[in-house]
Amino acid sequence: MTIKIELSEKQKKIVLAEDGAICVKASAGSGKTRVLTERIRHFLGKTNKKVLALTFTNKAGDEIKERLSDISDIEKRVFVGTFHGFCQSRLESHGNLIGLSKMPHIFEDEADRLELVETAIRQTPSYALKYTTQDQKEQKNFRYRVLNFISEVKRGLIAENDVDQHTDDDNIVLLYRNYQDILRAQNAIDFDDLLLLAYNLLVNFPKIAALYRRSFYAICIDESQDLNNAQYQLLIALTSGEFTNIMMVGDPNQSIYHFNGSSPDYMDKKFVHDFSPVIIDLNENYRSSKKILSAAKKIIPEAECIANTVKDGFFDIQSFEDEDTEAEFVVHKIKELIKTENHDDIEGEITFKKIAVLARNKYLFNKLDARLTESNLPFHYKMTLGAIKFESDLMKIFDLALRIRLNPQDRLHKQRILSRLSLASSDDINPKDIIALIKDDLNKGIVALVFALSEDGVDLKRTLEKYRDDVTIEYEDEDEKNMVFNDINELLGHWHNYAKKTDNKSLHQFKNAMALGQTRPRYQDDGVTLSTVHTMKGQEFDIVFIIGMDDETFPDYRAVKSGGVEMIQEKNNLYVAFTRARRFLYVTWPKKRMMPWGDYRLRKISRFLSKM
């Protein structure tokens with residue numbers, strides 16, 4: 001095998017290890033993506049079979065593909081994708097075996113699922129009356145409680161007939177079953193169903209699992225600390241005790257998706273018990289600096305190894321009178337760093353693109369956003385990868401019309417478009433007949449456009465480009481016109497990314513690909529990045545600011561109230577935030593914070609930082 005990039009001796013040992021189960025516990029900055037991609041390259045040099053590489057985000061998958069892009073036919077030789085994407089492709093190929101005549105539509109949006117929950121509640125007489133007597137906050141909390149229960153059941157791979165054995169609340173059981181009936185009636189599934197249905201396929205039809213075992217030479221799983229029960233059981237069903245050429249790479253201290261049911265135990269304990277892997281600690285650091293890692297060790301002492309870190313770096317904590325002076329400091333420091341241009345610890349010129357500001361929650365950026373704007377400094381918010389979210393009213397109608405055109409059984413979105421168009425609610429109306437009822441010309445035009453598109457979508461680009469150029473002339477409202485123009489351009493970007501990867505195109509497949517976040521364009525931004533900690537996972541910057549580090553802001557007050565695993569999760573979140581910085585890390589907190597009702601509240605430094 002020819003190794004394309006420079007590897008340390010420990011990294012090389014992992015890449016060239018004998019076939020079999022390997023568990024790589026890789027600390028931050030140790031090159032875990034590097035060893036994973038180079039081991040895939042090593043496998044491809046040994047076999048004509050495919051390699052299965054599973055990730056947790058489309059971004060991570062894109063990075064793996066990019067690093068292996070020099071290999072011919074890489075798309076055919078390696079399946080790189082998320083667990084959900086892998087499950088979707090299996091269901092598209094073999095879903096008929098479990099009763100899917102065609103691939104269902106995916107309800108990916110939480111708001112849609114919560115609305116289905118509400119419909120299920122109102123169709124459950126034993127609970128509906130009690131629900132109507134609750135105030136809005138109680139109703140909202142109950143909807144989330146039901147949705148969380150539904151997700152827990154599906155992630156637990158619990159059969160529908162056995163749901164009542166996992167709760168004493170008969171109403172919750174009825175609501176679960178009604179929710180599933182409503183989905184089925186609309187020829188739809190939700191995200192958790194993708195894993196559940198694929199698992200059922202592999203378990204109930206072992207010949208299908210055997211087919212994939214024969215076609216894949218190895219399985220590599222990135223960020224394995226984020227596995228949840230459904231994903232791990234899917235792996236067990238796929239391997240069936242016969243397939244052991246598996247590599248898991250992850251850092252147990254970077255597990256921050258607890259709300260999805262994930263746990264590092266699946267990598268740390270269950271995989272070790274079930275597959276008896278060779279365990280390798282990859283603790284060299286090629287990314288962070290000594291001072292940042294020293295600070296990170298005060299959060300989680302056992303998390304980092306500093307011995308092989310070369311750069312000294314910089315770490316500082318400062319308090320400020322309020323959020324305004326905190327924001328002023330960040331802006332001043334950014335200007336100062338840009339003016340410096342160069343530093344021995346940072347490769348190349350210091351640019352805005354090398355700087356990020358992180359916070360526990362997005363609202364904490366309000367003051368900084370204003371200060372950056374006033375100072376005319378370039379910045380952008382890091383987008384959450386996933387389905388497209390239209391801003392303009394017209395393209396929201398486009399989206400609803402496309403959903404019901406592709407899935408006439410979709411009552412949820414049919415009622416939503418009728419409401420948005422101020423038309424009478426009706427379950428009986430044929431989706432295409434809605435066009436004749438619309439009085440507003442703009443809305444009529446966009447709905448008619450959707451129903452005129454060809455099934456394969458080959459005319460989508462040409463049609464939308466012409467519509468964009470024609471329709472924007474009709475708008476008097478400059479803001480709405482601008483949003484329509486930008487929405488159409490964003491959709492065309494998604495179509496471009498879908499079309500270049502797909503030979504047999506279809507509008508149905510395109511919509512599902514968007515739902516899974518597989519069509520998200522890559523945005524190249526040159527300004528300072530503003531991001532919540534959760535959104536920043538998997539990305540690093542030379543210079544990082546973490547603002548709003550007062551107690552009960554970070555850790556979040558809800559986690560403080562809950563305690564236990566929630567507080568452990570908050571500590572992991574902060575550890576992840578610290579290790580997003582390669583060289584310089586500035587941590588700030590305000591001594592007082594303006595509350596929404598207009599009062600100042602005195603704040604204390606985060607309990608996680610009190611010993612620093």
# chains A, B, ... in the order shown; residues from 1 in each chain; ligands from 1
$ residues_around --residues "Arg41 in chain A" --least-positions-apart "5" --cutoff "12 Å" --atoms "only C-alpha atoms" --output "list in words"
Met1, Thr2, Ile3, Lys4, Ile5, Val15, Leu16, Arg34, Val35, Leu36, Lys46, Thr47, Asn48, Lys50, Val51, Ala53, Ile64, Lys65, Arg67, Leu68, Ser69, Asp70, Ile71, Ser72, Ile74, Arg77, Val78, Ala218 and Cys220 of chain A
$ write_last_selection --atoms "N, CA, C and O atoms" --output "tab-separated table (two decimals), in the first residue's frame"
chain	number	residue	atom	x	y	z
A	1	MET	N	0.84	-1.21	0.00
A	1	MET	CA	0.00	0.00	0.00
A	1	MET	C	0.87	1.26	0.00
A	1	MET	O	1.89	1.33	0.67
A	2	THR	N	0.46	2.27	-0.76
A	2	THR	CA	1.15	3.55	-0.75
A	2	THR	C	0.37	4.53	0.11
A	2	THR	O	-0.79	4.82	-0.17
A	3	ILE	N	1.00	5.00	1.19
A	3	ILE	CA	0.35	5.97	2.06
A	3	ILE	C	0.53	7.35	1.45
A	3	ILE	O	1.66	7.78	1.16
A	4	LYS	N	-0.58	8.04	1.24
A	4	LYS	CA	-0.55	9.31	0.52
A	4	LYS	C	-0.12	10.48	1.38
A	4	LYS	O	0.30	11.50	0.87
A	5	ILE	N	-0.26	10.36	2.70
A	5	ILE	CA	0.06	11.48	3.57
A	5	ILE	C	0.97	11.01	4.68
A	5	ILE	O	1.10	9.81	4.94
A	15	VAL	N	-3.46	2.12	10.64
A	15	VAL	CA	-3.79	2.03	9.22
A	15	VAL	C	-3.42	0.67	8.64
A	15	VAL	O	-4.17	0.07	7.86
A	16	LEU	N	-2.27	0.13	9.03
A	16	LEU	CA	-1.75	-1.11	8.44
A	16	LEU	C	-2.04	-2.34	9.28
A	16	LEU	O	-1.52	-3.43	9.00
A	34	ARG	N	-8.01	11.12	9.69
A	34	ARG	CA	-6.86	10.74	8.87
A	34	ARG	C	-6.65	9.23	8.89
A	34	ARG	O	-6.49	8.60	7.84
A	35	VAL	N	-6.64	8.60	10.09
A	35	VAL	CA	-6.39	7.16	10.14
A	35	VAL	C	-7.55	6.38	9.53
A	35	VAL	O	-7.35	5.33	8.91
A	36	LEU	N	-8.78	6.89	9.70
A	36	LEU	CA	-9.93	6.20	9.13
A	36	LEU	C	-9.87	6.20	7.61
A	36	LEU	O	-10.05	5.16	6.96
A	46	LYS	N	-6.34	-3.89	-1.21
A	46	LYS	CA	-6.29	-5.33	-0.98
A	46	LYS	C	-7.44	-6.09	-1.61
A	46	LYS	O	-7.39	-7.32	-1.71
A	47	THR	N	-8.51	-5.40	-1.99
A	47	THR	CA	-9.73	-6.09	-2.40
A	47	THR	C	-10.47	-5.32	-3.48
A	47	THR	O	-10.29	-4.11	-3.63
A	48	ASN	N	-11.31	-6.06	-4.20
A	48	ASN	CA	-12.21	-5.43	-5.16
A	48	ASN	C	-13.60	-5.22	-4.56
A	48	ASN	O	-14.47	-4.64	-5.20
A	50	LYS	N	-16.43	-3.71	-1.80
A	50	LYS	CA	-16.69	-2.35	-1.33
A	50	LYS	C	-16.35	-2.21	0.15
A	50	LYS	O	-16.28	-3.21	0.88
A	51	VAL	N	-16.16	-0.97	0.57
A	51	VAL	CA	-15.99	-0.65	1.98
A	51	VAL	C	-17.18	0.22	2.40
A	51	VAL	O	-17.59	1.12	1.66
A	53	ALA	N	-18.45	2.96	4.92
A	53	ALA	CA	-17.99	3.98	5.87
A	53	ALA	C	-19.21	4.75	6.36
A	53	ALA	O	-19.87	5.45	5.59
A	64	ILE	N	-14.53	12.70	4.11
A	64	ILE	CA	-13.93	11.41	3.79
A	64	ILE	C	-13.82	11.23	2.28
A	64	ILE	O	-12.78	10.81	1.75
A	65	LYS	N	-14.90	11.54	1.56
A	65	LYS	CA	-14.89	11.43	0.10
A	65	LYS	C	-13.81	12.31	-0.52
A	65	LYS	O	-13.11	11.91	-1.45
A	67	ARG	N	-11.01	13.35	0.84
A	67	ARG	CA	-9.67	12.84	1.11
A	67	ARG	C	-9.33	11.61	0.26
A	67	ARG	O	-8.17	11.30	0.05
A	68	LEU	N	-10.37	10.92	-0.22
A	68	LEU	CA	-10.15	9.73	-1.04
A	68	LEU	C	-10.46	9.99	-2.51
A	68	LEU	O	-10.53	9.05	-3.31
A	69	SER	N	-10.61	11.25	-2.88
A	69	SER	CA	-11.07	11.59	-4.23
A	69	SER	C	-10.07	11.22	-5.32
A	69	SER	O	-10.43	11.16	-6.50
A	70	ASP	N	-8.81	10.96	-4.95
A	70	ASP	CA	-7.81	10.60	-5.95
A	70	ASP	C	-7.94	9.14	-6.40
A	70	ASP	O	-7.31	8.72	-7.36
A	71	ILE	N	-8.77	8.35	-5.70
A	71	ILE	CA	-8.98	6.94	-6.06
A	71	ILE	C	-10.04	6.86	-7.15
A	71	ILE	O	-11.13	7.42	-7.01
A	72	SER	N	-9.74	6.16	-8.22
A	72	SER	CA	-10.70	6.05	-9.32
A	72	SER	C	-11.92	5.25	-8.88
A	72	SER	O	-11.80	4.30	-8.10
A	74	ILE	N	-14.22	5.97	-6.82
A	74	ILE	CA	-14.39	5.96	-5.37
A	74	ILE	C	-15.85	5.85	-4.97
A	74	ILE	O	-16.20	5.19	-3.98
A	77	ARG	N	-16.75	2.23	-5.11
A	77	ARG	CA	-15.96	1.33	-4.27
A	77	ARG	C	-16.20	1.53	-2.77
A	77	ARG	O	-15.91	0.66	-1.96
A	78	VAL	N	-16.68	2.69	-2.41
A	78	VAL	CA	-16.93	2.98	-0.99
A	78	VAL	C	-18.32	3.59	-0.84
A	78	VAL	O	-18.65	4.55	-1.52
A	218	ALA	N	-15.06	-4.40	4.52
A	218	ALA	CA	-14.85	-3.84	5.86
A	218	ALA	C	-15.91	-2.79	6.15
A	218	ALA	O	-16.51	-2.22	5.24
A	220	CYS	N	-16.27	0.75	8.49
A	220	CYS	CA	-15.57	1.76	9.29
A	220	CYS	C	-16.59	2.76	9.80
A	220	CYS	O	-17.39	3.29	9.02
$ residues_around --residues "range 506-512 of chain A" --least-positions-apart "5" --cutoff "6 Å" --atoms "only C-alpha atoms" --output "PDB file with all heavy atoms, in the first residue's frame"
ATOM      1  N   GLU A 455     -41.889  14.208 -13.758  1.00  0.00           N
ATOM      2  CA  GLU A 455     -41.620  13.315 -12.638  1.00  0.00           C
ATOM      3  C   GLU A 455     -40.122  13.194 -12.356  1.00  0.00           C
ATOM      4  O   GLU A 455     -39.702  13.071 -11.208  1.00  0.00           O
ATOM      5  CB  GLU A 455     -42.195  11.922 -12.907  1.00  0.00           C
ATOM      6  CG  GLU A 455     -43.708  11.844 -12.852  1.00  0.00           C
ATOM      7  CD  GLU A 455     -44.245  11.988 -11.432  1.00  0.00           C
ATOM      8  OE1 GLU A 455     -43.478  11.742 -10.481  1.00  0.00           O
ATOM      9  OE2 GLU A 455     -45.421  12.352 -11.278  1.00  0.00           O
ATOM     10  N   ASP A 456     -39.314  13.232 -13.404  1.00  0.00           N
ATOM     11  CA  ASP A 456     -37.869  13.080 -13.209  1.00  0.00           C
ATOM     12  C   ASP A 456     -37.177  14.400 -12.864  1.00  0.00           C
ATOM     13  O   ASP A 456     -35.978  14.422 -12.568  1.00  0.00           O
ATOM     14  CB  ASP A 456     -37.199  12.443 -14.422  1.00  0.00           C
ATOM     15  CG  ASP A 456     -37.407  13.234 -15.711  1.00  0.00           C
ATOM     16  OD1 ASP A 456     -37.907  14.380 -15.626  1.00  0.00           O
ATOM     17  OD2 ASP A 456     -37.079  12.713 -16.786  1.00  0.00           O
ATOM     18  N   GLY A 457     -37.914  15.506 -12.905  1.00  0.00           N
ATOM     19  CA  GLY A 457     -37.366  16.786 -12.496  1.00  0.00           C
ATOM     20  C   GLY A 457     -36.361  17.397 -13.448  1.00  0.00           C
ATOM     21  O   GLY A 457     -35.703  18.384 -13.101  1.00  0.00           O
TER      22      GLY A 457
END
$ residues_around --residues "Asn161 in chain A" --least-positions-apart "3" --cutoff "10 Å" --atoms "only C-alpha atoms" --output "number ranges by chain"
A: 158, 164-165, 173, 177
$ closest_residue --among "A:Ser531, A:Thr588, A:Thr82, A:Ser215" --to "Ser319 in chain A" --atoms "only C-alpha atoms"
A:Thr588
$ closest_atom_pairs --of "range 358-454 of chain A" --to "range 179-190 of chain A" --cutoff "8 Å" --atoms "only C-alpha atoms" --output "tab-separated table"
residue	atom	partner	partner_atom	distance
A:Asn407	CA	A:Asn187	CA	7.2
A:Pro408	CA	A:Gln186	CA	7.9
A:Gln409	CA	A:Gln186	CA	4.5
A:Asp410	CA	A:Gln186	CA	4.4
A:Arg411	CA	A:Gln186	CA	6.3
A:Leu412	CA	A:Gln186	CA	7.9
$ closest_residue --among "A:Phe142, A:Tyr131, A:Tyr199, A:Tyr266" --to "Arg155 in chain A" --atoms "only C-alpha atoms"
A:Tyr199
$ residues_around --residues "Val560 in chain A" --least-positions-apart "2" --cutoff "12 Å" --atoms "only C-alpha atoms" --output "number ranges by chain"
A: 551-558, 562-571, 606-608
